[in-house]
Amino acid sequence: MLTPRFHCPQAVPGLARGSRVELPPDAAHHALRVLRLGEGQAVAVFCGHGGEYEAVLEAARGKSAQVLLGTFHAGDRVPRVDVHVQQAVVATEKMDWVVEKSVELGARWFTPVLAERSVVRLTGERAGRRAAHWQALAVSASEQCGLNRLLEVRPVQSLEAACGEAQAAGCLRFMLHPEGERSLTLELSAAVEAAKGDAAAGGAAAGALSSVLSLALLVGPEGGLSPRESALARAAGYRPVTLGPRILRTETAALAALAALRATIDDFSPSFPHT
């Protein structure tokens with residue numbers, strides 16, 4: 001059985017061995033009522049900003065529980081390429097799926113984008129509630145898959161704001177588009193070769209390539225981005241790319257792109273330096 005893992009914001013790096021921290025209410029409920037763990041059960045806790053502690057569940061009373069911290073492990077299990085998924089808002093169950101699986105595939109940021117053809121319209125308080133719900137899903141997915149850095153779910157934004165944010169960050173920018181002339185994997189390979197060339201020209205080790213790569217991935221809604229939106233994204237430096245000859249559903253597209261990226265230049269690749 002895998003060691004149960006719980007997100008605990010108080011379990012920050014640097015705490016002394018033997019320290020005690022309180023599990024958040026949701027984590028305590030999951031540990032005591034869902035998993036039915038008892039005192040003395042070995043668990044792991046992480047704060048979401050890197051590393052995790054070996055721990056032991058103790059003082060389980062009512063709806064609350066504490067853990068006794070043991071050894072700290074600094075590993076994060078994060079990919080070396082940071083990906084910002086900018087997903088047009090779609091139906092609730094589809095959006096939940098994309099958030100959860102984006103965590104498992106190592107996305108670093110997630111922005112819900114309001115597109116012209118988005119069927120679901122989110123504004124004001126409702127948008128804030130949905131973003132909080134997606135952040136909670138990201139926490140749960142991180143507990144399950146072993147990531148020690150949480151995916152950050154950003155507030156619901158307009159397409160203009162999302163494109164401007166990525167442009168200001170200076171990262172690589174891709175827009176999934178069925179009429180793109182080049183594939184995502186071809187563009188990724190070209191970007192890595194360019195990074196290697198820049199590293200060699202600067203006297204740095206060519207192997208330090210993709211540790212500096214960061215990219216944004218824009219995915220449209222069920223009906224796709226409108227011509228105006230596609231033009232806006234292009235003007236902001238987004239490269240239109242395809243994932244092959246088939247038209248993928250919006251909830252499939254971002255995940256297929258993340259998997260292709262990991263297999264091409266990241267930790268799914270045979271050339272990735274696993275340790």
# chains A, B, ... in the order shown; residues from 1 in each chain; ligands from 1
$ residues_around --residues "stretch 119-123 of chain A" --least-positions-apart "5" --cutoff "9 Å" --atoms "only C-alpha atoms" --output "number ranges by chain"
A: 89-92, 114, 128, 130, 156, 221-222
$ residues_around --residues "A:Cys171" --least-positions-apart "3" --cutoff "10 Å" --atoms "only C-alpha atoms" --output "ChimeraX atom specification"
/A:82-84,165-168,174,212-216,237-238
$ write_last_selection --atoms "C-alpha atoms" --output "compact mmCIF listing (two decimals), in the first residue's frame"
# COMPACT_ATOMS: atom_id res chain seq x y z
CA ASP A 82 7.08 24.57 -16.69
CA VAL A 83 3.76 24.62 -18.53
CA HIS A 84 0.98 27.17 -18.12
CA GLU A 165 0.10 37.77 -19.17
CA ALA A 166 1.96 35.10 -21.14
CA GLN A 167 3.45 37.70 -23.46
CA ALA A 168 4.75 39.69 -20.49
CA PHE A 174 1.57 27.80 -28.35
CA VAL A 212 15.11 27.07 -18.51
CA LEU A 213 12.13 26.35 -20.77
CA SER A 214 8.73 27.67 -19.81
CA LEU A 215 5.72 27.73 -22.09
CA ALA A 216 2.07 28.66 -22.30
CA GLY A 237 3.26 35.65 -30.14
CA TYR A 238 1.33 32.38 -29.94
$ closest_residue --among "A:Thr71, A:Gly197, A:Glu251, A:Val43" --to "A:Asp96" --atoms "only C-alpha atoms"
A:Glu251
$ select_by_dssp --residues "stretch 80-240 of chain A" --states "alpha helix (DSSP H)" --output "count of residues only"
73
$ residues_around --residues "A:Pro4" --least-positions-apart "5" --cutoff "9 Å" --atoms "only C-alpha atoms" --output "list in words"
Ala31, Leu35, Ala42, Val43, Ala44, Val45, Glu143 and Gln144 of chain A
$ closest_atom_pairs --of "stretch 116-233 of chain A" --to "stretch 104-107 of chain A" --cutoff "9 Å" --atoms "only C-alpha atoms" --output "Markdown table"
| residue | atom | partner | partner_atom | distance |
| --- | --- | --- | --- | --- |
| A:Ala141 | CA | A:Glu104 | CA | 6.8 |
| A:Ser142 | CA | A:Glu104 | CA | 7.2 |
| A:Gln144 | CA | A:Glu104 | CA | 8.6 |
| A:Cys145 | CA | A:Glu104 | CA | 6.1 |
| A:Gly146 | CA | A:Glu104 | CA | 8.6 |
| A:Leu147 | CA | A:Gly106 | CA | 8.0 |
| A:Leu151 | CA | A:Ala107 | CA | 6.4 |
| A:Glu152 | CA | A:Ala107 | CA | 8.9 |
$ closest_residue --among "A:His7, A:Val12, A:Lys196, A:Leu243" --to "A:Pro25" --atoms "only C-alpha atoms"
A:His7
$ residues_around --residues "A:Arg61" --least-positions-apart "4" --cutoff "10 Å" --atoms "only C-alpha atoms" --output "PyMOL selection string"
chain A and resi 28+32+39+65-66
$ write_last_selection --atoms "C-alpha atoms" --output "PDB file, in the first residue's frame"
ATOM      1  CA  ALA A  28      -8.216  15.176   8.561  1.00  0.00           C
ATOM      2  CA  LEU A  32      -9.999   9.585   9.536  1.00  0.00           C
ATOM      3  CA  GLU A  39      -2.991   6.675  15.379  1.00  0.00           C
ATOM      4  CA  ALA A  65      -5.791  15.103  13.760  1.00  0.00           C
ATOM      5  CA  GLN A  66      -2.136  15.964  14.258  1.00  0.00           C
TER       6      GLN A  66
END
$ residues_around --residues "A:Ala259" --least-positions-apart "5" --cutoff "10 Å" --atoms "only C-alpha atoms" --output "PyMOL selection string"
chain A and resi 102+105-106+253-254+264+266-268
